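Source file: work.cif (mmCIF, C-alpha atoms)
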data_entry
#
loop_
_atom_site.group_PDB
_atom_site.id
_atom_site.type_symbol
_atom_site.label_atom_id
_atom_site.label_comp_id
_atom_site.auth_asym_id
_atom_site.auth_seq_id
_atom_site.Cartn_x
_atom_site.Cartn_y
_atom_site.Cartn_z
ATOM 1 C CA MET A 27 13.470 40.734 1.313
ATOM 2 C CA ARG A 28 11.047 43.608 0.773
ATOM 3 C CA ILE A 29 7.888 42.491 -1.004
ATOM 4 C CA ASP A 30 5.578 45.512 -0.847
ATOM 5 C CA ASP A 31 5.438 48.875 0.906
ATOM 6 C CA GLN A 32 3.228 51.907 1.316
ATOM 7 C CA LEU A 33 3.665 55.355 -0.236
ATOM 8 C CA HIS A 34 1.840 58.215 1.481
ATOM 9 C CA ILE A 35 1.209 61.377 -0.549
ATOM 10 C CA ASP A 36 -0.062 64.633 0.947
ATOM 11 C CA THR A 37 -2.181 66.471 -1.625
ATOM 12 C CA PRO A 38 -2.316 70.284 -1.894
ATOM 13 C CA GLU A 39 -5.852 70.067 -0.474
ATOM 14 C CA GLY A 40 -4.537 68.574 2.781
ATOM 15 C CA ALA A 41 -5.664 64.999 2.137
ATOM 16 C CA ARG A 42 -3.298 62.058 2.426
ATOM 17 C CA LEU A 43 -3.411 59.324 -0.213
ATOM 18 C CA SER A 44 -1.864 55.922 0.462
ATOM 19 C CA LEU A 45 -0.557 53.902 -2.478
ATOM 20 C CA SER A 46 0.504 50.285 -2.162
ATOM 21 C CA LEU A 47 3.888 49.904 -3.845
ATOM 22 C CA ALA A 48 4.529 46.708 -5.789
ATOM 23 C CA GLY A 49 7.629 44.760 -4.843
ATOM 24 C CA PRO A 50 9.937 42.722 -7.081
ATOM 25 C CA ILE A 51 7.897 39.492 -7.019
ATOM 26 C CA PRO A 52 4.602 40.779 -8.523
ATOM 27 C CA ARG A 53 6.572 42.967 -10.922
ATOM 28 C CA ALA A 54 8.646 39.992 -12.068
ATOM 29 C CA LEU A 55 5.499 37.952 -12.617
ATOM 30 C CA ALA A 56 3.966 40.778 -14.665
ATOM 31 C CA TYR A 57 7.172 41.042 -16.724
ATOM 32 C CA GLY A 58 7.133 37.292 -17.310
ATOM 33 C CA LEU A 59 3.578 37.452 -18.642
ATOM 34 C CA ASP A 60 4.502 40.317 -20.963
ATOM 35 C CA LEU A 61 7.598 38.452 -22.128
ATOM 36 C CA ALA A 62 5.515 35.376 -22.927
ATOM 37 C CA LEU A 63 2.973 37.479 -24.835
ATOM 38 C CA ARG A 64 5.704 39.175 -26.874
ATOM 39 C CA GLY A 65 7.194 35.777 -27.664
ATOM 40 C CA LEU A 66 3.810 34.469 -28.796
ATOM 41 C CA ILE A 67 3.280 37.477 -31.063
ATOM 42 C CA LEU A 68 6.721 37.013 -32.619
ATOM 43 C CA PHE A 69 6.120 33.304 -33.170
ATOM 44 C CA LEU A 70 2.735 33.799 -34.829
ATOM 45 C CA VAL A 71 3.972 36.599 -37.071
ATOM 46 C CA SER A 72 7.229 34.840 -37.976
ATOM 47 C CA ILE A 73 5.427 32.058 -39.843
ATOM 48 C CA PRO A 74 4.064 34.221 -42.718
ATOM 49 C CA LEU A 75 7.087 36.549 -42.644
ATOM 50 C CA MET A 76 9.593 33.734 -43.157
ATOM 51 C CA LEU A 77 7.722 32.761 -46.320
ATOM 52 C CA MET A 78 8.507 36.219 -47.741
ATOM 53 C CA GLY A 79 12.260 35.640 -47.849
ATOM 54 C CA GLY A 80 14.711 38.457 -47.140
ATOM 55 C CA HIS A 81 12.050 41.169 -46.890
ATOM 56 C CA GLY A 82 10.130 39.095 -44.394
ATOM 57 C CA TYR A 83 13.240 38.575 -42.266
ATOM 58 C CA GLY A 84 13.856 42.336 -42.251
ATOM 59 C CA ALA A 85 10.267 42.966 -41.183
ATOM 60 C CA TYR A 86 10.679 40.364 -38.437
ATOM 61 C CA LEU A 87 13.731 42.172 -37.053
ATOM 62 C CA VAL A 88 11.867 45.491 -37.090
ATOM 63 C CA LEU A 89 8.909 43.928 -35.276
ATOM 64 C CA MET A 90 11.236 42.357 -32.704
ATOM 65 C CA PHE A 91 12.819 45.778 -32.041
ATOM 66 C CA LEU A 92 9.434 47.484 -31.686
ATOM 67 C CA LEU A 93 8.112 44.831 -29.320
ATOM 68 C CA GLU A 94 11.224 44.936 -27.156
ATOM 69 C CA TRP A 95 11.314 48.712 -26.677
ATOM 70 C CA PHE A 96 7.864 50.116 -27.423
ATOM 71 C CA TYR A 97 5.452 47.334 -26.427
ATOM 72 C CA PRO A 98 5.354 48.599 -22.809
ATOM 73 C CA VAL A 99 5.113 52.249 -23.868
ATOM 74 C CA PHE A 100 2.172 51.519 -26.168
ATOM 75 C CA PHE A 101 0.163 49.655 -23.548
ATOM 76 C CA GLU A 102 1.076 51.967 -20.663
ATOM 77 C CA MET A 103 -0.359 54.860 -22.651
ATOM 78 C CA LEU A 104 -3.365 52.842 -23.821
ATOM 79 C CA TRP A 105 -4.266 51.355 -20.418
ATOM 80 C CA GLN A 106 -3.251 54.089 -17.952
ATOM 81 C CA GLY A 107 0.136 52.764 -16.927
ATOM 82 C CA ARG A 108 -0.602 49.058 -17.423
ATOM 83 C CA THR A 109 0.761 46.480 -19.825
ATOM 84 C CA PRO A 110 -1.153 43.205 -20.276
ATOM 85 C CA GLY A 111 1.100 41.609 -17.663
ATOM 86 C CA LYS A 112 0.610 44.444 -15.180
ATOM 87 C CA ARG A 113 -3.106 44.400 -15.852
ATOM 88 C CA ALA A 114 -3.265 40.685 -15.071
ATOM 89 C CA MET A 115 -1.342 41.262 -11.838
ATOM 90 C CA LYS A 116 -3.433 44.377 -11.009
ATOM 91 C CA LEU A 117 -0.422 46.698 -11.155
ATOM 92 C CA ALA A 118 0.004 50.136 -12.717
ATOM 93 C CA VAL A 119 2.749 52.706 -13.216
ATOM 94 C CA VAL A 120 2.166 56.241 -11.918
ATOM 95 C CA HIS A 121 4.410 59.197 -11.227
ATOM 96 C CA GLY A 122 5.908 59.664 -7.802
ATOM 97 C CA ASN A 123 3.289 62.260 -6.839
ATOM 98 C CA GLY A 124 0.432 59.904 -7.726
ATOM 99 C CA ALA A 125 -0.279 61.596 -11.080
ATOM 100 C CA PRO A 126 -1.075 59.442 -14.136
ATOM 101 C CA LEU A 127 1.878 58.244 -16.194
ATOM 102 C CA THR A 128 2.859 60.566 -19.050
ATOM 103 C CA LEU A 129 4.352 59.626 -22.412
ATOM 104 C CA ASN A 130 7.728 61.106 -21.468
ATOM 105 C CA GLY A 131 7.735 59.168 -18.209
ATOM 106 C CA SER A 132 6.906 55.910 -19.966
ATOM 107 C CA LEU A 133 9.591 56.444 -22.606
ATOM 108 C CA VAL A 134 12.300 57.259 -20.052
ATOM 109 C CA ARG A 135 11.535 54.342 -17.710
ATOM 110 C CA ASN A 136 11.399 51.818 -20.552
ATOM 111 C CA LEU A 137 14.337 53.035 -22.627
ATOM 112 C CA LEU A 138 16.541 52.920 -19.527
ATOM 113 C CA ARG A 139 15.852 49.212 -19.060
ATOM 114 C CA THR A 140 19.283 48.679 -20.667
ATOM 115 C CA ALA A 141 20.911 50.036 -17.509
ATOM 116 C CA ASP A 142 18.678 47.885 -15.299
ATOM 117 C CA LEU A 143 19.578 44.784 -17.349
ATOM 118 C CA PHE A 144 23.316 45.131 -16.628
ATOM 119 C CA PRO A 145 25.169 42.840 -16.213
ATOM 120 C CA ILE A 146 22.510 40.146 -16.716
ATOM 121 C CA ALA A 147 18.871 39.341 -15.940
ATOM 122 C CA TYR A 148 17.949 42.747 -14.479
ATOM 123 C CA LEU A 149 20.452 42.292 -11.656
ATOM 124 C CA THR A 150 21.201 46.018 -11.359
ATOM 125 C CA GLY A 151 17.508 46.923 -11.430
ATOM 126 C CA PHE A 152 16.741 44.296 -8.804
ATOM 127 C CA VAL A 153 19.454 45.511 -6.417
ATOM 128 C CA VAL A 154 18.493 49.163 -6.861
ATOM 129 C CA MET A 155 14.840 48.290 -6.261
ATOM 130 C CA LEU A 156 15.671 46.570 -2.977
ATOM 131 C CA ILE A 157 17.551 49.582 -1.605
ATOM 132 C CA SER A 158 15.194 52.236 -2.989
ATOM 133 C CA PRO A 159 12.728 53.575 -0.398
ATOM 134 C CA ARG A 160 10.004 53.538 -3.068
ATOM 135 C CA LEU A 161 10.983 50.224 -4.712
ATOM 136 C CA GLN A 162 12.194 51.964 -7.881
ATOM 137 C CA ARG A 163 14.620 50.592 -10.444
ATOM 138 C CA LEU A 164 16.981 52.955 -12.309
ATOM 139 C CA GLY A 165 14.419 53.669 -15.027
ATOM 140 C CA ASP A 166 11.828 54.575 -12.396
ATOM 141 C CA LEU A 167 14.276 56.879 -10.608
ATOM 142 C CA ALA A 168 15.045 58.721 -13.845
ATOM 143 C CA ALA A 169 11.366 59.053 -14.811
ATOM 144 C CA ASP A 170 10.112 59.640 -11.227
ATOM 145 C CA THR A 171 7.678 56.726 -11.515
ATOM 146 C CA VAL A 172 6.528 54.003 -9.142
ATOM 147 C CA VAL A 173 4.660 50.738 -9.693
ATOM 148 C CA ILE A 174 1.608 50.311 -7.473
ATOM 149 C CA HIS A 175 -1.118 47.796 -6.795
ATOM 150 C CA VAL A 176 -4.338 49.010 -8.429
ATOM 151 C CA PRO A 177 -7.044 49.407 -5.761
ATOM 152 C CA PRO A 178 -10.414 47.749 -6.408
ATOM 153 C CA PRO A 179 -12.790 50.001 -8.365
ATOM 154 C CA ALA A 180 -15.173 52.126 -6.371
ATOM 155 C CA ARG A 181 -18.879 51.421 -6.684
ATOM 156 C CA ALA A 182 -20.546 53.801 -9.096
ATOM 157 C CA ARG A 183 -23.943 53.289 -7.435
ATOM 158 C CA PRO A 184 -24.795 52.953 -3.759
ATOM 159 C CA GLU A 185 -26.260 49.850 -2.193
ATOM 160 C CA PRO A 186 -29.821 49.962 -0.843
ATOM 161 C CA GLY A 187 -29.960 52.046 2.288
ATOM 162 C CA GLU A 188 -27.106 54.310 1.216
ATOM 163 C CA GLY A 189 -27.603 57.703 -0.339
ATOM 164 C CA SER A 190 -25.949 60.769 -1.723
ATOM 165 C CA GLU A 191 -25.897 64.297 -0.424
ATOM 166 C CA ALA A 192 -25.185 67.509 -2.287
ATOM 167 C CA PRO A 193 -22.273 69.427 -0.754
ATOM 168 C CA ASP A 194 -23.106 72.570 1.192
ATOM 169 C CA TRP A 195 -20.347 74.514 -0.586
ATOM 170 C CA PRO A 196 -19.642 75.212 -4.286
ATOM 171 C CA LEU A 197 -17.471 72.400 -5.578
ATOM 172 C CA SER A 198 -14.316 73.430 -7.406
ATOM 173 C CA ARG A 199 -12.580 71.157 -9.889
ATOM 174 C CA ASP A 200 -9.918 70.333 -7.296
ATOM 175 C CA ASP A 201 -12.644 69.446 -4.779
ATOM 176 C CA GLN A 202 -14.192 67.037 -7.270
ATOM 177 C CA LEU A 203 -10.826 65.393 -7.998
ATOM 178 C CA VAL A 204 -10.166 64.914 -4.278
ATOM 179 C CA LEU A 205 -13.606 63.362 -3.744
ATOM 180 C CA LEU A 206 -13.143 61.045 -6.728
ATOM 181 C CA ALA A 207 -9.702 60.031 -5.450
ATOM 182 C CA PHE A 208 -11.178 59.293 -2.033
ATOM 183 C CA SER A 209 -13.899 57.110 -3.598
ATOM 184 C CA GLU A 210 -11.311 55.131 -5.558
ATOM 185 C CA ARG A 211 -8.839 54.607 -2.721
ATOM 186 C CA ALA A 212 -11.137 54.319 0.302
ATOM 187 C CA PRO A 213 -11.628 50.516 -0.066
ATOM 188 C CA GLY A 214 -7.893 50.056 0.420
ATOM 189 C CA LEU A 215 -7.693 52.295 3.511
ATOM 190 C CA SER A 216 -8.434 51.422 7.094
ATOM 191 C CA ARG A 217 -11.521 52.951 8.669
ATOM 192 C CA GLN A 218 -9.291 55.011 10.971
ATOM 193 C CA ARG A 219 -7.465 56.497 7.972
ATOM 194 C CA GLN A 220 -10.765 57.220 6.226
ATOM 195 C CA GLU A 221 -12.029 59.022 9.313
ATOM 196 C CA GLU A 222 -8.825 61.081 9.478
ATOM 197 C CA LEU A 223 -9.368 62.211 5.881
ATOM 198 C CA ALA A 224 -13.042 62.911 6.539
ATOM 199 C CA ARG A 225 -12.185 65.144 9.523
ATOM 200 C CA LEU A 226 -10.089 67.306 7.172
ATOM 201 C CA ALA A 227 -13.241 68.019 5.177
ATOM 202 C CA PHE A 228 -15.659 68.234 8.124
ATOM 203 C CA PRO A 229 -13.647 69.117 11.255
ATOM 204 C CA GLU A 230 -16.790 70.084 13.150
ATOM 205 C CA GLN A 231 -18.175 66.541 12.935
ATOM 206 C CA PRO A 232 -17.261 63.488 15.033
ATOM 207 C CA PRO A 233 -15.050 61.064 13.068
ATOM 208 C CA ALA A 234 -17.797 58.549 12.260
ATOM 209 C CA ALA A 235 -20.292 61.239 11.235
ATOM 210 C CA ALA A 236 -17.660 63.062 9.167
ATOM 211 C CA LEU A 237 -16.868 59.842 7.301
ATOM 212 C CA GLU A 238 -20.518 59.111 6.517
ATOM 213 C CA LYS A 239 -21.037 62.666 5.307
ATOM 214 C CA LEU A 240 -17.923 62.497 3.129
ATOM 215 C CA ARG A 241 -19.120 59.210 1.625
ATOM 216 C CA ARG A 242 -22.519 60.717 0.776
ATOM 217 C CA VAL A 243 -20.937 63.788 -0.826
ATOM 218 C CA ALA A 244 -18.527 61.579 -2.785
ATOM 219 C CA ARG A 245 -21.453 59.477 -4.030
ATOM 220 C CA HIS A 246 -23.173 62.685 -5.126
ATOM 221 C CA VAL A 247 -20.108 63.590 -7.228
ATOM 222 C CA LEU A 248 -20.175 60.079 -8.730
ATOM 223 C CA GLY A 249 -23.766 60.634 -9.776
ATOM 224 C CA ALA A 250 -25.519 58.367 -7.295
ATOM 225 C CA PRO A 251 -29.244 59.036 -6.695
ATOM 226 C CA ASP A 252 -30.135 61.078 -3.652
ATOM 227 C CA GLY A 253 -31.155 58.737 -0.892
ATOM 228 C CA GLY A 254 -31.569 61.358 1.742
ATOM 229 C CA GLN A 255 -29.964 61.441 5.123
ATOM 230 C CA PRO A 256 -29.221 58.073 6.742
#
Written form, structure tokens:
Amino acid sequence: MRIDDQLHIDTPEGARLSLSLAGPIPRALAYGLDLALRGLILFLVSIPLMLMGGHGYGAYLVLMFLLEWFYPVFFEMLWQGRTPGKRAMKLAVVHGNGAPLTLNGSLVRNLLRTADLFPIAYLTGFVVMLISPRLQRLGDLAADTVVIHVPPPARARPEPGEGSEAPDWPLSRDDQLVLLAFSERAPGLSRQRQEELARLAFPEQPPAAALEKLRRVARHVLGAPDGGQP
């Protein structure tokens, strides 16, 4: 059984980003946590609503509908592709090109859960996920979304002995986005992969030197103090 996989994305700037796809087990655990939280909310709210008679029962049904279909949409928009369950499991939903999840994407992937549920207990979604090269269920295929493991956050400040270095070229917005993406994803990449990316930016440097220079420039973009050359 496939548990996890890697998705490699080549950016327009020539860099390659590697995303760790989440398999069915962590996604099922995240769904279970969300299901338990929705059940707890319904239970707590049902107590005062049932005391209101018929109007309270109607409000309960409306709340149950909203939680079932729009609970994930609300949190995925609030927390950048994460519900409370996904956040606990360190998962997030992004588009297939690595871009942040949009409202349309979240609506499509969640409203199509009916198809994934057929005939029972997400059986269709589970089977489709196993045969999909990017571990996508039907809703993900329609919305062009994938569920990934969230990499550990990059340090916003360097450790003693590190430093930042201003780039020797005018940074465009795309350059800044690439450097920020490298800072976020570098902890999850092997040193060899980091050096390959660094050589794209500084082909005239040896791999190790190119990587150190790229790290210093990235720290400069993050606002780290200038520590000079190492």
> Smallest atom-to-atom distance to Val88 in chain A: which of A:Ala207, A:Ile51, A:Met103, A:Val71, using only C-alpha atoms?
Replying inline: A:Val71
> CA of Arg160 in chain A and CA of Val204 in chain A, how far apart in Å?
Replying inline: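 Computing the Euclidean distance for CA of Val204 in chain A and CA of Arg160 in chain A yields 23.2 Å.
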>> Residue by residue, what does the PyMOL selection byres ((chain A and resi 101) around 12) grab here? Present the result as a PyMOL selection string.
In response: chain A and resi 60+93+95-100+102-113+118-119+127+129+132-133+136
Keeping C-alpha atoms for every residue in the selection just given, could you write it to a file as a compact mmCIF listing (two decimals), in the frame of the given file?
# COMPACT_ATOMS: atom_id res chain seq x y z
CA ASP A 60 4.50 40.32 -20.96
CA LEU A 93 8.11 44.83 -29.32
CA TRP A 95 11.31 48.71 -26.68
CA PHE A 96 7.86 50.12 -27.42
CA TYR A 97 5.45 47.33 -26.43
CA PRO A 98 5.35 48.60 -22.81
CA VAL A 99 5.11 52.25 -23.87
CA PHE A 100 2.17 51.52 -26.17
CA GLU A 102 1.08 51.97 -20.66
CA MET A 103 -0.36 54.86 -22.65
CA LEU A 104 -3.36 52.84 -23.82
CA TRP A 105 -4.27 51.36 -20.42
CA GLN A 106 -3.25 54.09 -17.95
CA GLY A 107 0.14 52.76 -16.93
CA ARG A 108 -0.60 49.06 -17.42
CA THR A 109 0.76 46.48 -19.82
CA PRO A 110 -1.15 43.20 -20.28
CA GLY A 111 1.10 41.61 -17.66
CA LYS A 112 0.61 44.44 -15.18
CA ARG A 113 -3.11 44.40 -15.85
CA ALA A 118 0.00 50.14 -12.72
CA VAL A 119 2.75 52.71 -13.22
CA LEU A 127 1.88 58.24 -16.19
CA LEU A 129 4.35 59.63 -22.41
CA SER A 132 6.91 55.91 -19.97
CA LEU A 133 9.59 56.44 -22.61
CA ASN A 136 11.40 51.82 -20.55
>> I'd like to see the residues matched by the PyMOL selection byres ((chain A and resi 149-152) around 10) on this file, and ideally I'd get them as a ChimeraX atom specification.
In response: /A:49-50,54,139-148,153-158,161-166
> Rounded to one decimal in Å, what is the spacing between CA of Pro233 in chain A and CA of Val176 in chain A?
Replying inline: 26.9 Å
>> I'd like the neighbourhood of Gly214 in chain A as a list in words, where a residue qualifies if any of its atoms comes within 8 Å (using all atoms listed in the file), though same-chain residues fewer than 2 positions away should be ignored.
In response: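 Final neighbour list, sorted by chain and number: Pro177, Pro178, Arg211, Ala212 and Ser216 of chain A.
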> In Å, with one decimal, what is the gap from CA of Ala235 in chain A to CA of Asp194 in chain A?
Replying inline: 15.4 Å
Residues picked by the PyMOL selection byres ((chain A and resi 31) around 7) here, as a short mmCIF file (atom, residue, chain, number, x, y, z; two decimals) with C-alpha atoms, in the frame of the given file?
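Below is the file result13.cif, written as the result:
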data_model
loop_
_atom_site.label_atom_id
_atom_site.label_comp_id
_atom_site.auth_asym_id
_atom_site.auth_seq_id
_atom_site.Cartn_x
_atom_site.Cartn_y
_atom_site.Cartn_z
CA ASP A 30 5.58 45.51 -0.85
CA GLN A 32 3.23 51.91 1.32
CA LEU A 33 3.66 55.36 -0.24
CA SER A 46 0.50 50.28 -2.16
CA LEU A 47 3.89 49.90 -3.84
#
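Minimum distance to Arg245 in chain A across A:Pro193, A:Gly79, A:Pro229, A:Gly58 (counting all atoms listed in the file) occurs at A:Pro193.
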> A:Leu138, A:Ala192, A:Leu63, A:Leu240: which is nearest Ser209 in chain A, counting all atoms listed in the file?
Replying inline: A:Leu240
>> Could you check the closest approach to Ala227 in chain A for each of A:Lys239, A:His246, A:Arg53, A:His121 and tell me which residue wins, using all atoms listed in the file?
In response: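 Comparing A:Lys239, A:His246, A:Arg53, A:His121 against Ala227 in chain A, the winner is A:Lys239.
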